[in-house]
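As structure tokens, the structure follows; a few thoughts come after it.
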Amino acid sequence: MLITLRGELDLSTAPALDEALHGANSEIVVDLAAVEFIDASGLNVFAHAASRAEQHGDRLAVINASVLAQRMFRLTGLDHLLSGSDAP
């Protein structure tokens, strides 16, 4: 399943992403190419979704993260979600 985000991933939009990720299974890829901003609530959604995916043997990957988003993923220990050219 490919989930393409755009705009800002923050306190007001994170619940919608959480709902989408919660309903997905197997191979989940989140494209951040059009995301301009991510705050802690967005990162928290990824952390919980990664935990759920791991528990169920599913895979969650993030693609096309901006340099700033990549840094935030690394600082929070979520860099294992970065895929392809985004990976450390």
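Following the order of the structure tokens, first chain is A, next is B, and so on, with residues numbered from 1 inside each chain and ligands from 1 in the order they appear.
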What's around segment 55-58 of chain A at 8 Å? Count only C-alpha atoms, leave out sequence neighbours fewer than 2 positions away in its own chain, and write the answer as a ChimeraX atom specification. /A:25-28,51-53,60
Output C-alpha atoms of each residue in that selection to a file, as a PDB file, in the first residue's frame.
```
ATOM      1  CA  ASN A  25      -1.192  -4.119   6.521  1.00  0.00           C
ATOM      2  CA  SER A  26       1.634  -5.999   4.844  1.00  0.00           C
ATOM      3  CA  GLU A  27       3.838  -3.617   2.826  1.00  0.00           C
ATOM      4  CA  ILE A  28       3.215   0.037   3.713  1.00  0.00           C
ATOM      5  CA  SER A  51       5.874  -0.952  16.316  1.00  0.00           C
ATOM      6  CA  ARG A  52       2.535  -2.320  15.122  1.00  0.00           C
ATOM      7  CA  ALA A  53       4.037  -3.375  11.786  1.00  0.00           C
ATOM      8  CA  LEU A  60       6.668   0.151   6.997  1.00  0.00           C
TER       9      LEU A  60
END
```
Close residues, His22 of chain A itself excluded, 10 Å, only C-alpha atoms, min 2 positions apart in chain, as a PyMOL selection string: chain A and resi 16-20+24-25+45+48-49+52-53
For the alpha helix (DSSP H) assignment from backbone DSSP, which residues of segment 38-86 of chain A qualify? Please present them as an MDAnalysis selection string. chainID A and resid 40:56 67:75
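Nearest-residue note for Val35 of chain A: choosing from A:Thr76, A:Asn64, A:Ser12, A:Ser83, the minimum distance belongs to A:Asn64, counting only C-alpha atoms.
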Could you please determine the separation between atom CA of Ile38 of chain A and atom CA of Ala61 of chain A in Å, to one decimal place?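 A separation of 16.1 Å between them.
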Quick one: DSSP strand (DSSP E) residues in chain A, as an NGL selection string? :A and (2-9 or 27-38 or 59-63)
If you keep N, CA and C atoms, can you produce a file of those selected residues as a compact mmCIF listing (two decimals), in the first residue's frame?
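For reference, again24.txt as written:
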```
# COMPACT_ATOMS: atom_id res chain seq x y z
N LEU A 2 0.60 2.18 -0.87
CA LEU A 2 1.33 3.45 -0.92
C LEU A 2 0.43 4.55 -0.37
N ILE A 3 0.97 5.28 0.59
CA ILE A 3 0.27 6.43 1.16
C ILE A 3 1.09 7.66 0.82
N THR A 4 0.51 8.59 0.09
CA THR A 4 1.20 9.80 -0.32
C THR A 4 0.67 10.97 0.50
N LEU A 5 1.58 11.64 1.20
CA LEU A 5 1.21 12.77 2.04
C LEU A 5 1.61 14.07 1.37
N ARG A 6 0.93 15.15 1.76
CA ARG A 6 1.32 16.48 1.26
C ARG A 6 0.98 17.50 2.33
N GLY A 7 1.68 18.62 2.28
CA GLY A 7 1.42 19.69 3.24
C GLY A 7 2.18 19.47 4.53
N GLU A 8 1.47 19.58 5.65
CA GLU A 8 2.09 19.49 6.96
C GLU A 8 1.58 18.26 7.71
N LEU A 9 2.51 17.62 8.41
CA LEU A 9 2.15 16.50 9.27
C LEU A 9 2.37 16.97 10.69
N GLU A 27 2.81 -4.54 3.28
CA GLU A 27 3.84 -3.62 2.83
C GLU A 27 3.25 -2.21 2.78
N ILE A 28 3.72 -1.33 3.65
CA ILE A 28 3.22 0.04 3.71
C ILE A 28 4.36 0.98 3.38
N VAL A 29 4.17 1.81 2.36
CA VAL A 29 5.16 2.80 1.96
C VAL A 29 4.51 4.17 2.07
N VAL A 30 5.18 5.07 2.79
CA VAL A 30 4.67 6.43 2.94
C VAL A 30 5.59 7.38 2.19
N ASP A 31 5.03 8.09 1.22
CA ASP A 31 5.79 9.02 0.38
C ASP A 31 5.66 10.42 0.97
N LEU A 32 6.81 10.99 1.36
CA LEU A 32 6.82 12.31 1.99
C LEU A 32 7.28 13.41 1.03
N ALA A 33 7.33 13.15 -0.27
CA ALA A 33 7.87 14.10 -1.23
C ALA A 33 7.21 15.48 -1.14
N ALA A 34 5.92 15.53 -0.88
CA ALA A 34 5.20 16.81 -0.86
C ALA A 34 4.92 17.30 0.56
N VAL A 35 5.61 16.72 1.56
CA VAL A 35 5.42 17.15 2.95
C VAL A 35 6.40 18.28 3.24
N GLU A 36 5.86 19.38 3.73
CA GLU A 36 6.66 20.57 4.00
C GLU A 36 7.12 20.66 5.44
N PHE A 37 6.42 19.96 6.35
CA PHE A 37 6.71 20.09 7.78
C PHE A 37 6.25 18.85 8.51
N ILE A 38 7.07 18.40 9.45
CA ILE A 38 6.69 17.28 10.33
C ILE A 38 7.04 17.68 11.75
N ARG A 59 5.75 -4.54 7.01
CA ARG A 59 6.87 -3.65 6.74
C ARG A 59 6.34 -2.24 6.53
N LEU A 60 6.99 -1.26 7.17
CA LEU A 60 6.67 0.15 7.00
C LEU A 60 7.92 0.85 6.51
N ALA A 61 7.81 1.59 5.42
CA ALA A 61 8.95 2.32 4.87
C ALA A 61 8.52 3.73 4.52
N VAL A 62 9.48 4.65 4.62
CA VAL A 62 9.27 6.06 4.27
C VAL A 62 10.18 6.39 3.10
N ILE A 63 9.61 7.01 2.06
CA ILE A 63 10.40 7.40 0.90
C ILE A 63 10.28 8.90 0.66
```
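Relative to atom CA of Ser41 of chain A, atom CA of His80 of chain A is found at 18.3 Å.
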A:Leu43, A:Met72, A:Met1, A:Leu78: which is nearest Pro15 of chain A, counting only C-alpha atoms? A:Leu43
Gap from atom CA of Val67 of chain A to atom CA of Phe46 of chain A - Å, one decimal: 17.1 Å
Who sits within 12 Å of Leu75 of chain A, only C-alpha atoms, same chain under 4 positions skipped, as an MDAnalysis selection string: chainID A and resid 40 43 68:71 79:80 88
